[in-house]
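Novice: Below is the file run-v1.txt, with compact mmCIF, C-alpha atoms.
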# COMPACT_ATOMS: atom_id res chain seq x y z
CA MET A 949 28.68 -33.84 -16.39
CA PRO A 950 25.82 -36.03 -15.08
CA ASP A 951 25.18 -33.74 -12.10
CA GLN A 952 24.85 -30.70 -14.32
CA ARG A 953 22.54 -32.57 -16.68
CA ARG A 954 20.34 -33.44 -13.72
CA GLY A 955 20.40 -29.77 -12.76
CA VAL A 956 19.18 -28.76 -16.20
CA LEU A 957 16.38 -31.34 -16.02
CA TYR A 958 15.35 -30.05 -12.59
CA GLY A 959 15.34 -26.49 -13.96
CA VAL A 960 13.25 -27.47 -16.98
CA ALA A 961 10.80 -29.25 -14.67
CA ALA A 962 10.52 -26.21 -12.38
CA TYR A 963 9.90 -23.68 -15.12
CA ALA A 964 7.63 -26.03 -17.05
CA LEU A 965 5.42 -26.44 -13.98
CA TRP A 966 5.36 -22.68 -13.46
CA GLY A 967 4.52 -22.30 -17.14
CA LEU A 968 1.53 -24.60 -16.77
CA PHE A 969 0.10 -22.69 -13.80
CA PRO A 970 -2.58 -21.02 -16.00
CA LEU A 971 -4.15 -24.46 -16.41
CA TYR A 972 -4.45 -25.05 -12.66
CA TRP A 973 -6.00 -21.95 -11.11
CA PRO A 974 -9.14 -21.93 -13.34
CA LEU A 975 -9.88 -25.44 -11.99
CA LEU A 976 -10.58 -23.78 -8.64
CA LYS A 977 -13.62 -21.85 -9.85
CA PRO A 978 -16.16 -20.91 -8.54
CA SER A 979 -13.73 -19.85 -5.79
CA GLY A 980 -12.84 -16.18 -6.13
CA PRO A 981 -9.24 -14.95 -6.51
CA VAL A 982 -8.96 -13.82 -2.86
CA GLU A 983 -10.26 -17.14 -1.52
CA ILE A 984 -7.84 -19.04 -3.79
CA LEU A 985 -5.01 -16.79 -2.62
CA ALA A 986 -5.83 -17.37 1.06
CA HIS A 987 -5.94 -21.14 0.57
CA ARG A 988 -2.68 -21.02 -1.35
CA MET A 989 -1.00 -19.18 1.52
CA ALA A 990 -2.27 -21.63 4.15
CA TRP A 991 -1.66 -24.86 2.26
CA SER A 992 1.76 -23.73 1.00
CA LEU A 993 2.87 -23.46 4.62
CA VAL A 994 1.59 -26.98 5.31
CA ALA A 995 3.42 -28.33 2.24
CA VAL A 996 6.75 -26.62 2.88
CA VAL A 997 6.74 -27.49 6.62
CA GLY A 998 6.07 -31.11 5.64
CA ILE A 999 9.03 -31.03 3.25
CA LEU A 1000 11.32 -29.55 5.90
CA ALA A 1001 10.12 -32.17 8.39
CA VAL A 1002 11.05 -34.97 5.99
CA ARG A 1003 14.46 -33.40 5.54
CA ARG A 1004 14.72 -32.79 9.32
CA HIS A 1005 16.01 -29.34 8.53
CA TRP A 1006 15.12 -26.94 11.35
CA SER A 1007 18.41 -25.51 12.61
CA TRP A 1008 18.18 -22.58 10.20
CA PHE A 1009 15.18 -21.16 12.11
CA ARG A 1010 17.24 -20.61 15.27
CA GLN A 1011 19.89 -18.81 13.22
CA LEU A 1012 17.41 -16.44 11.56
CA GLN A 1013 18.29 -12.84 12.40
CA PRO A 1014 15.68 -10.10 13.08
CA ARG A 1015 16.77 -8.21 9.95
CA GLN A 1016 16.28 -11.33 7.84
CA PHE A 1017 12.85 -11.92 9.35
CA GLY A 1018 11.88 -8.31 8.61
CA LEU A 1019 13.01 -8.64 5.00
CA LEU A 1020 11.10 -11.89 4.59
CA ALA A 1021 7.99 -10.27 6.08
CA LEU A 1022 8.30 -7.57 3.40
CA ALA A 1023 8.83 -10.30 0.81
CA ALA A 1024 5.60 -11.94 2.04
CA LEU A 1025 3.65 -8.75 1.28
CA LEU A 1026 5.21 -8.51 -2.17
CA ILE A 1027 4.48 -12.13 -3.05
CA THR A 1028 0.89 -11.63 -1.88
CA VAL A 1029 0.51 -8.88 -4.47
CA ASN A 1030 2.23 -11.06 -7.09
CA TRP A 1031 0.20 -14.22 -6.39
CA GLY A 1032 -3.07 -12.33 -6.13
CA THR A 1033 -2.51 -10.44 -9.37
CA TYR A 1034 -1.51 -13.62 -11.18
CA ILE A 1035 -4.51 -15.64 -10.00
CA TYR A 1036 -6.86 -12.77 -10.88
CA GLY A 1037 -5.26 -12.35 -14.32
CA VAL A 1038 -5.41 -16.05 -15.20
CA ASN A 1039 -8.96 -16.58 -13.91
CA SER A 1040 -10.27 -13.47 -15.65
CA GLY A 1041 -8.98 -14.50 -19.09
CA HIS A 1042 -5.76 -12.44 -19.26
CA VAL A 1043 -3.24 -15.28 -19.47
CA VAL A 1044 -1.26 -13.62 -22.27
CA GLU A 1045 -0.88 -10.42 -20.27
CA THR A 1046 0.36 -12.34 -17.23
CA ALA A 1047 2.92 -14.05 -19.48
CA LEU A 1048 4.05 -10.60 -20.61
CA GLY A 1049 4.78 -9.74 -16.97
CA TYR A 1050 7.31 -12.54 -16.68
CA PHE A 1051 8.77 -11.80 -20.11
CA ILE A 1052 9.61 -8.24 -19.07
CA ASN A 1053 10.61 -9.13 -15.50
CA PRO A 1054 14.36 -9.50 -16.33
CA LEU A 1055 14.34 -6.02 -17.89
CA VAL A 1056 12.59 -4.56 -14.83
CA SER A 1057 15.18 -6.25 -12.60
CA VAL A 1058 17.95 -4.59 -14.62
CA LEU A 1059 16.30 -1.19 -14.13
CA PHE A 1060 16.06 -1.80 -10.39
CA GLY A 1061 19.77 -2.59 -10.41
CA VAL A 1062 20.45 0.82 -11.94
CA ILE A 1063 18.02 2.80 -9.79
CA LEU A 1064 18.43 1.09 -6.42
CA LEU A 1065 21.85 -0.56 -6.54
CA LYS A 1066 23.57 2.09 -8.70
CA GLU A 1067 24.73 -0.53 -11.20
CA ARG A 1068 26.06 0.55 -14.58
CA LEU A 1069 24.51 -1.01 -17.67
CA ARG A 1070 26.38 -2.09 -20.75
CA THR A 1071 25.32 -0.62 -24.09
CA LEU A 1072 23.35 -3.67 -25.20
CA GLN A 1073 21.56 -3.79 -21.86
CA TRP A 1074 20.36 -0.23 -22.46
CA VAL A 1075 19.26 -1.29 -25.96
CA ALA A 1076 17.25 -4.16 -24.46
CA VAL A 1077 15.63 -1.87 -21.90
CA GLY A 1078 14.79 0.60 -24.67
CA PHE A 1079 13.11 -2.12 -26.72
CA GLY A 1080 11.22 -3.26 -23.60
CA THR A 1081 9.94 0.28 -23.01
CA LEU A 1082 8.87 0.56 -26.65
CA ALA A 1083 7.03 -2.75 -26.34
CA VAL A 1084 5.07 -1.51 -23.31
CA LEU A 1085 4.09 1.64 -25.26
CA VAL A 1086 2.94 -0.44 -28.25
CA LEU A 1087 0.92 -2.77 -26.01
CA THR A 1088 -0.57 0.21 -24.14
CA LEU A 1089 -1.92 1.51 -27.45
CA ASP A 1090 -3.17 -1.98 -28.31
CA TYR A 1091 -4.97 -2.56 -25.00
CA GLY A 1092 -6.15 1.03 -24.76
CA ARG A 1093 -4.64 1.12 -21.27
CA LEU A 1094 -1.40 0.35 -19.51
CA PRO A 1095 -0.84 -3.43 -19.30
CA TRP A 1096 -1.20 -3.06 -15.54
CA LEU A 1097 -1.42 -6.79 -14.82
CA ALA A 1098 1.91 -7.39 -16.54
CA LEU A 1099 3.57 -4.37 -14.95
CA THR A 1100 2.29 -5.28 -11.47
CA LEU A 1101 3.63 -8.82 -11.84
CA ALA A 1102 7.00 -7.65 -13.16
CA VAL A 1103 7.51 -4.89 -10.58
CA SER A 1104 6.29 -6.90 -7.58
CA PHE A 1105 8.43 -9.88 -8.50
CA GLY A 1106 11.41 -7.66 -9.30
CA VAL A 1107 11.29 -6.00 -5.87
CA TYR A 1108 10.61 -9.40 -4.31
CA GLY A 1109 13.82 -10.73 -5.87
CA LEU A 1110 15.83 -7.79 -4.52
CA VAL A 1111 14.43 -8.23 -1.01
CA LYS A 1112 15.10 -11.98 -1.06
CA LYS A 1113 18.65 -11.37 -2.22
CA GLN A 1114 19.21 -9.07 0.75
CA ALA A 1115 17.69 -11.62 3.14
CA ASN A 1116 20.01 -14.38 1.86
CA VAL A 1117 17.86 -17.29 3.10
CA GLY A 1118 17.30 -20.57 1.25
CA ALA A 1119 14.28 -20.98 -1.01
CA ALA A 1120 12.28 -23.49 1.06
CA GLU A 1121 13.25 -21.78 4.31
CA SER A 1122 12.24 -18.34 3.10
CA LEU A 1123 8.92 -19.62 1.76
CA THR A 1124 8.26 -21.10 5.21
CA VAL A 1125 8.76 -17.72 6.89
CA GLU A 1126 6.79 -15.87 4.21
CA THR A 1127 3.78 -18.18 4.44
CA LEU A 1128 4.02 -18.17 8.25
CA VAL A 1129 3.73 -14.36 8.14
CA LEU A 1130 0.75 -14.67 5.80
CA LEU A 1131 -0.99 -17.45 7.74
CA ALA A 1132 -2.91 -15.28 10.23
CA PRO A 1133 -4.55 -12.96 7.65
CA ALA A 1134 -5.22 -15.92 5.35
CA LEU A 1135 -6.97 -17.91 8.08
CA ALA A 1136 -8.84 -14.83 9.28
CA TYR A 1137 -10.23 -14.26 5.78
CA LEU A 1138 -11.16 -17.93 5.35
CA VAL A 1139 -12.97 -17.96 8.72
CA TYR A 1140 -14.80 -14.74 7.79
CA LEU A 1141 -15.78 -16.23 4.42
CA GLU A 1142 -17.07 -19.38 6.08
CA GLN A 1143 -19.18 -17.44 8.59
CA ALA A 1144 -20.54 -15.19 5.84
CA GLY A 1145 -21.61 -18.22 3.84
CA GLY A 1146 -19.34 -17.38 0.92
CA SER A 1147 -16.78 -20.17 1.29
CA THR A 1148 -16.54 -22.77 -1.47
CA PHE A 1149 -14.27 -25.10 0.52
CA GLY A 1150 -16.36 -28.17 1.27
CA SER A 1151 -19.48 -26.83 -0.43
CA GLN A 1152 -18.36 -27.74 -3.96
CA GLY A 1153 -17.48 -31.35 -3.29
CA ALA A 1154 -14.40 -33.25 -2.16
CA TRP A 1155 -12.58 -32.86 -5.48
CA HIS A 1156 -12.80 -29.07 -5.34
CA ALA A 1157 -11.59 -29.04 -1.72
CA LEU A 1158 -8.67 -31.28 -2.72
CA LEU A 1159 -7.75 -28.94 -5.56
CA LEU A 1160 -7.78 -25.93 -3.22
CA ALA A 1161 -5.52 -27.77 -0.77
CA GLY A 1162 -3.34 -28.90 -3.68
CA GLY A 1163 -2.33 -25.30 -4.25
CA GLY A 1164 0.23 -25.84 -1.51
CA LEU A 1165 1.97 -28.68 -3.34
CA VAL A 1166 1.62 -26.87 -6.65
CA THR A 1167 3.55 -24.00 -5.06
CA ALA A 1168 6.18 -26.06 -3.22
CA VAL A 1169 7.13 -28.75 -5.78
CA PRO A 1170 8.48 -26.47 -8.55
CA LEU A 1171 10.32 -24.48 -5.88
CA LEU A 1172 12.14 -27.66 -4.80
CA PHE A 1173 12.99 -28.47 -8.42
CA PHE A 1174 14.33 -24.96 -8.86
CA THR A 1175 16.49 -25.23 -5.75
CA ALA A 1176 17.89 -28.56 -6.94
CA SER A 1177 18.69 -26.97 -10.28
CA ALA A 1178 20.23 -23.77 -8.89
CA ILE A 1179 22.88 -25.66 -6.92
CA ARG A 1180 23.94 -27.72 -9.95
CA VAL A 1181 24.00 -25.33 -12.92
CA PRO A 1182 25.43 -21.83 -13.51
CA LEU A 1183 23.13 -18.86 -12.99
CA SER A 1184 23.56 -17.98 -16.66
CA MET A 1185 21.88 -21.29 -17.53
CA ILE A 1186 19.10 -20.61 -15.01
CA GLY A 1187 18.67 -17.25 -16.71
CA LEU A 1188 18.00 -18.99 -20.02
CA LEU A 1189 15.72 -21.66 -18.53
CA GLN A 1190 13.51 -19.00 -16.91
CA TYR A 1191 12.02 -18.10 -20.30
CA ILE A 1192 10.37 -21.53 -20.47
CA ALA A 1193 7.66 -20.40 -18.05
CA PRO A 1194 6.36 -17.29 -19.86
CA VAL A 1195 6.65 -19.05 -23.24
CA LEU A 1196 4.40 -21.85 -21.98
CA GLN A 1197 2.04 -19.35 -20.36
CA PHE A 1198 1.84 -17.44 -23.63
CA LEU A 1199 1.10 -20.65 -25.57
CA VAL A 1200 -1.60 -21.61 -23.07
CA GLY A 1201 -3.21 -18.19 -23.52
CA VAL A 1202 -3.12 -18.29 -27.32
CA LEU A 1203 -3.69 -21.98 -28.09
CA ILE A 1204 -5.82 -23.24 -25.19
CA VAL A 1205 -7.63 -20.22 -23.74
CA LYS A 1206 -7.90 -18.78 -27.27
CA GLU A 1207 -7.28 -15.18 -26.27
CA THR A 1208 -7.53 -12.61 -29.02
CA MET A 1209 -4.18 -11.57 -30.51
CA PRO A 1210 -4.60 -8.70 -32.98
CA PRO A 1211 -1.59 -7.75 -35.16
CA SER A 1212 -0.71 -4.82 -32.90
CA ARG A 1213 -0.43 -7.16 -29.91
CA TRP A 1214 1.77 -9.55 -31.86
CA ALA A 1215 3.95 -6.56 -32.74
CA GLY A 1216 4.29 -5.62 -29.07
CA PHE A 1217 5.28 -9.14 -28.09
CA ALA A 1218 7.72 -9.34 -31.01
CA ILE A 1219 9.49 -6.26 -29.66
CA VAL A 1220 9.58 -7.85 -26.18
CA TRP A 1221 11.17 -10.99 -27.63
CA LEU A 1222 13.70 -8.88 -29.53
CA ALA A 1223 14.59 -7.10 -26.29
CA LEU A 1224 15.07 -10.44 -24.53
CA ALA A 1225 17.20 -11.77 -27.40
CA VAL A 1226 19.51 -8.74 -27.12
CA PHE A 1227 19.55 -9.02 -23.33
CA THR A 1228 20.36 -12.75 -23.38
CA TYR A 1229 23.08 -12.37 -26.02
CA ASP A 1230 24.73 -9.65 -23.94
CA SER A 1231 24.47 -11.73 -20.75
CA LEU A 1232 26.03 -14.78 -22.38
CA ARG A 1233 28.80 -12.68 -23.92
CA ALA A 1234 29.58 -11.08 -20.55
CA THR A 1235 29.65 -14.51 -18.89
CA ALA A 1236 32.06 -15.82 -21.53
CA ARG A 1237 34.34 -12.83 -20.99
CA ARG A 1238 34.38 -13.42 -17.23
CA ALA A 1239 35.23 -17.07 -17.82
CA ARG A 1240 38.14 -16.14 -20.09
CA ARG A 1241 39.45 -13.66 -17.52
CA ALA A 1242 39.18 -16.32 -14.82
CA ASP A 1243 41.20 -18.71 -17.00
CA LEU A 1244 43.89 -16.07 -17.52
CA HIS A 1245 43.88 -15.03 -13.85
CA PRO A 1246 42.94 -18.12 -11.79
CA THR A 1247 43.32 -16.27 -8.48
CA SER A 1248 40.51 -13.84 -9.32
CA SER A 1249 36.98 -15.10 -8.90
CA GLY A 1250 33.80 -13.91 -10.51
CA THR A 1251 30.25 -15.07 -10.23
CA ALA A 1252 27.98 -14.95 -13.22
CA SER A 1253 24.74 -13.32 -12.33
CA HIS A 1254 21.54 -12.95 -14.22
CA PRO A 1255 18.79 -10.58 -13.19
CA GLY A 1256 15.53 -12.38 -12.84
CA ALA A 1257 17.20 -15.74 -12.23
CA SER A 1258 15.67 -15.97 -8.79
CA ALA A 1259 13.06 -18.53 -7.93
CA GLY A 1260 9.65 -17.77 -9.36
CA HIS A 1261 6.50 -17.95 -7.25
CA ARG A 1262 3.67 -17.54 -9.73
Could I get this file's structure written as C-alpha cells?

Specialist:
Amino acid sequence: MPDQRRGVLYGVAAYALWGLFPLYWPLLKPSGPVEILAHRMAWSLVAVVGILAVRRHWSWFRQLQPRQFGLLALAALLITVNWGTYIYGVNSGHVVETALGYFINPLVSVLFGVILLKERLRTLQWVAVGFGTLAVLVLTLDYGRLPWLALTLAVSFGVYGLVKKQANVGAAESLTVETLVLLAPALAYLVYLEQAGGSTFGSQGAWHALLLAGGGLVTAVPLLFFTASAIRVPLSMIGLLQYIAPVLQFLVGVLIVKETMPPSRWAGFAIVWLALAVFTYDSLRATARRARRADLHPTSSGTASHPGASAGHR
C-alpha cells in the first residue's frame, strides 16, 4: 500500500534524525548543557507554534481540559530531565551510554506496565526483562558504577510516555503545551546568563547563534515525521523502527566519537541486544495471534501496542 510505504519512510526519517542527534549538540559548544537546554526549550516552542500556524490548527487548545494540562505540565518536567541528561551525556563524551538508555527503554516501559498498570507479562517478556537486568549488572561492573545516564534517560522517558498516554493529546499539540510550560524558566535562565556575562548566544558569532536557534527545528521536524508515520503504519512496525535511533547513536559513539569499548562493555551490549531480540520476537508473535483472532472473529477488535513506541524527544 503506497500510504503505508510512505508511513514507513516517515518513520525511518524520524528515527534516523533522532539517531543523528549526537552529531548536532556538540556543534553548540562552548555553550554549556543548561544553556543549550534552555535555548532548546524556547526555540522548540517557536518552531512548533510556527508549524501549527501554518496548519491553522488551534481549536484543540480551547478543548484542552485542566487534567490534560496538568499531565502535560508533569510531562514537561520529565522531558526537561530527559533532554538535559541527553545533552550532557552527548557533550561529555558518553554517546554510547546514552544509546544504551534508549535500547533499554522498551524494557523499562514493560516494567512500568507491570508495576503501575498491573499488566501481566508473558513468559518471553519476563525473559527479556531478565536479560536486560543482567545487562545492566554487567555494564555496572564494566563502568565501575551504575550506568546512571542510561538509566535516567530510560526511566524519565518511560514515565514521560505513560504520562503522555494518560493525557491523550496529539504530538505537536502536546509539545506546544510542554514547551509553553518550560518557557518562563528557560527565558529566566537565559536572561540571568546574559546579565552574568556567561551567555554564548551572540558572542560566538552568527553561525553559533543560528545553531542554538536551530535546536527548535531539530526538535520539531522529526516529531512531525513520527506523527505522519504513526497514523499510517501499525504500532508494531513503529516498535521495530524505534531501534534505528539507538543503533545510529551507538554507531556514532563507536565509529565517530571513538569511545572506548572494552570486551566487557561489548558483552553488556550483546546481552541488551539479545533481550531486545527476545522482546521483539514475542511482540511480533503476539501481534500475529491477535490478527488471526480478529480474522476468526471480525466483530472483536484489538489494537496492537508496543511499549516504547511513543514519540521520542531526545

Novice: Would you work out the distance separating atom CA of Trp1008 of chain A from atom CA of Gly1164 of chain A, expressed in Å to one decimal?

Specialist: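 So the two atoms, atom CA of Trp1008 of chain A and atom CA of Gly1164 of chain A, lie 21.7 Å apart.
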
Novice: Within 9 Å of (-6.6, -15.4, 1.8) in the file's own coordinates, which protein, DNA or RNA residues have an atom, counting only C-alpha atoms? List them as a PyMOL selection string.

Specialist: chain A and resi 981-990+1130-1131+1133-1138

Novice: In terms of the shortest atom-to-atom distance over only C-alpha atoms, which of A:Ala1119, A:Ala1161, A:Ile1186, A:Leu1097 is closest to Tyr1034 of chain A?

Specialist: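 Residue with the minimum atom-to-atom distance to Tyr1034 of chain A: A:Leu1097.
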
Novice: Nearest to Trp991 of chain A: which of A:Leu1244, A:Ala1168, A:Ala1098, A:Leu1188 is it, counting all atoms listed in the file?

Specialist: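 Comparing A:Leu1244, A:Ala1168, A:Ala1098, A:Leu1188 against Trp991 of chain A, the winner is A:Ala1168.
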
Novice: When you draw a straight line from atom CA of Leu1055 of chain A to atom CA of Val1220 of chain A, how long is it in Å?

Specialist: 9.7 Å

Novice: May I ask for the distance between atom CA of Ala995 of chain A and atom CA of Gln1016 of chain A, given in Å to one decimal place?

Specialist: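 A separation of 22.0 Å between them.
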
Novice: Neighbouring residues of segment 1224-1236 of chain A were defined as those with any atom within 6 Å, considering all atoms listed in the file; residues of the same chain fewer than 2 positions away were excluded. Please report them as a list of chain:residue names.

Specialist: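 In the requested form, the answer reads A:Gln1073, A:Ala1076, A:Trp1221, A:Leu1222, A:Arg1238, A:Ala1239, A:Ala1252.
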
Novice: Near Leu1000 of chain A, within 8 Å and counting only C-alpha atoms, which residues show up once chain neighbours fewer than 5 positions away are dropped, as number ranges by chain?

Specialist: A: 1005-1006, 1120

Novice: May I have the protein, DNA and RNA residues with an atom at most 10 Å from (3.8, -10.4, -16.2), counting only C-alpha atoms in the file's coordinates, returned as a PDB file with C-alpha atoms, keeping the file's coordinate frame?

Specialist:
ATOM      1  CA  ASN A1030       2.230 -11.060  -7.090  1.00  0.00           C
ATOM      2  CA  THR A1033      -2.510 -10.440  -9.370  1.00  0.00           C
ATOM      3  CA  TYR A1034      -1.510 -13.620 -11.180  1.00  0.00           C
ATOM      4  CA  GLY A1037      -5.260 -12.350 -14.320  1.00  0.00           C
ATOM      5  CA  VAL A1043      -3.240 -15.280 -19.470  1.00  0.00           C
ATOM      6  CA  VAL A1044      -1.260 -13.620 -22.270  1.00  0.00           C
ATOM      7  CA  GLU A1045      -0.880 -10.420 -20.270  1.00  0.00           C
ATOM      8  CA  THR A1046       0.360 -12.340 -17.230  1.00  0.00           C
ATOM      9  CA  ALA A1047       2.920 -14.050 -19.480  1.00  0.00           C
ATOM     10  CA  LEU A1048       4.050 -10.600 -20.610  1.00  0.00           C
ATOM     11  CA  GLY A1049       4.780  -9.740 -16.970  1.00  0.00           C
ATOM     12  CA  TYR A1050       7.310 -12.540 -16.680  1.00  0.00           C
ATOM     13  CA  PHE A1051       8.770 -11.800 -20.110  1.00  0.00           C
ATOM     14  CA  ILE A1052       9.610  -8.240 -19.070  1.00  0.00           C
ATOM     15  CA  ASN A1053      10.610  -9.130 -15.500  1.00  0.00           C
ATOM     16  CA  PRO A1095      -0.840  -3.430 -19.300  1.00  0.00           C
ATOM     17  CA  TRP A1096      -1.200  -3.060 -15.540  1.00  0.00           C
ATOM     18  CA  LEU A1097      -1.420  -6.790 -14.820  1.00  0.00           C
ATOM     19  CA  ALA A1098       1.910  -7.390 -16.540  1.00  0.00           C
ATOM     20  CA  LEU A1099       3.570  -4.370 -14.950  1.00  0.00           C
ATOM     21  CA  THR A1100       2.290  -5.280 -11.470  1.00  0.00           C
ATOM     22  CA  LEU A1101       3.630  -8.820 -11.840  1.00  0.00           C
ATOM     23  CA  ALA A1102       7.000  -7.650 -13.160  1.00  0.00           C
ATOM     24  CA  VAL A1103       7.510  -4.890 -10.580  1.00  0.00           C
ATOM     25  CA  SER A1104       6.290  -6.900  -7.580  1.00  0.00           C
ATOM     26  CA  PHE A1105       8.430  -9.880  -8.500  1.00  0.00           C
ATOM     27  CA  PRO A1194       6.360 -17.290 -19.860  1.00  0.00           C
ATOM     28  CA  ARG A1262       3.670 -17.540  -9.730  1.00  0.00           C
TER      29      ARG A1262
END

Novice: My list of candidates is A:Val1058, A:Val960, A:Ala1223, A:Leu971. Which is closest to Ser1177 of chain A when distances are computed with only C-alpha atoms?

Specialist: A:Val960

Novice: Given all atoms listed in the file as the basis, pick out the residue of A:Gln1143, A:Thr1208, A:Asn1039, A:Gln1011 nearest to Asp1090 of chain A.

Specialist: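 When distances to Asp1090 of chain A are compared using all atoms listed in the file, the smallest one comes from A:Thr1208.
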
Novice: Mind checking which residues fall within 7 Å of Thr1124 of chain A, counting only C-alpha atoms, ignoring those fewer than 3 positions away in the same chain, and posting them as an NGL selection string?

Specialist: :A and (993 or 996-997 or 1120-1121 or 1127-1128)

Novice: Could you turn the residues from that selection into a file that holds C-alpha atoms, as a short mmCIF file (atom, residue, chain, number, x, y, z; two decimals), in the frame of the given file?

Specialist:
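Written file, part.cif:
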data_model
loop_
_atom_site.label_atom_id
_atom_site.label_comp_id
_atom_site.auth_asym_id
_atom_site.auth_seq_id
_atom_site.Cartn_x
_atom_site.Cartn_y
_atom_site.Cartn_z
CA LEU A 993 2.87 -23.46 4.62
CA VAL A 996 6.75 -26.62 2.88
CA VAL A 997 6.74 -27.49 6.62
CA ALA A 1120 12.28 -23.49 1.06
CA GLU A 1121 13.25 -21.78 4.31
CA THR A 1127 3.78 -18.18 4.44
CA LEU A 1128 4.02 -18.17 8.25
#

Novice: Neighbouring residues of Phe1149 of chain A were defined as those with any atom within 12 Å, considering all atoms listed in the file; residues of the same chain fewer than 5 positions away were excluded. Please report them as a list in words.

Specialist: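 Result of the neighbour search: Leu976, Lys977, Pro978, Ser979, Gly980, Glu983, Ile984, Ala986, His987, Leu1138, Val1139, Leu1141, Glu1142, Ala1154, Trp1155, His1156, Ala1157, Leu1158, Leu1159, Leu1160 and Ala1161 of chain A.
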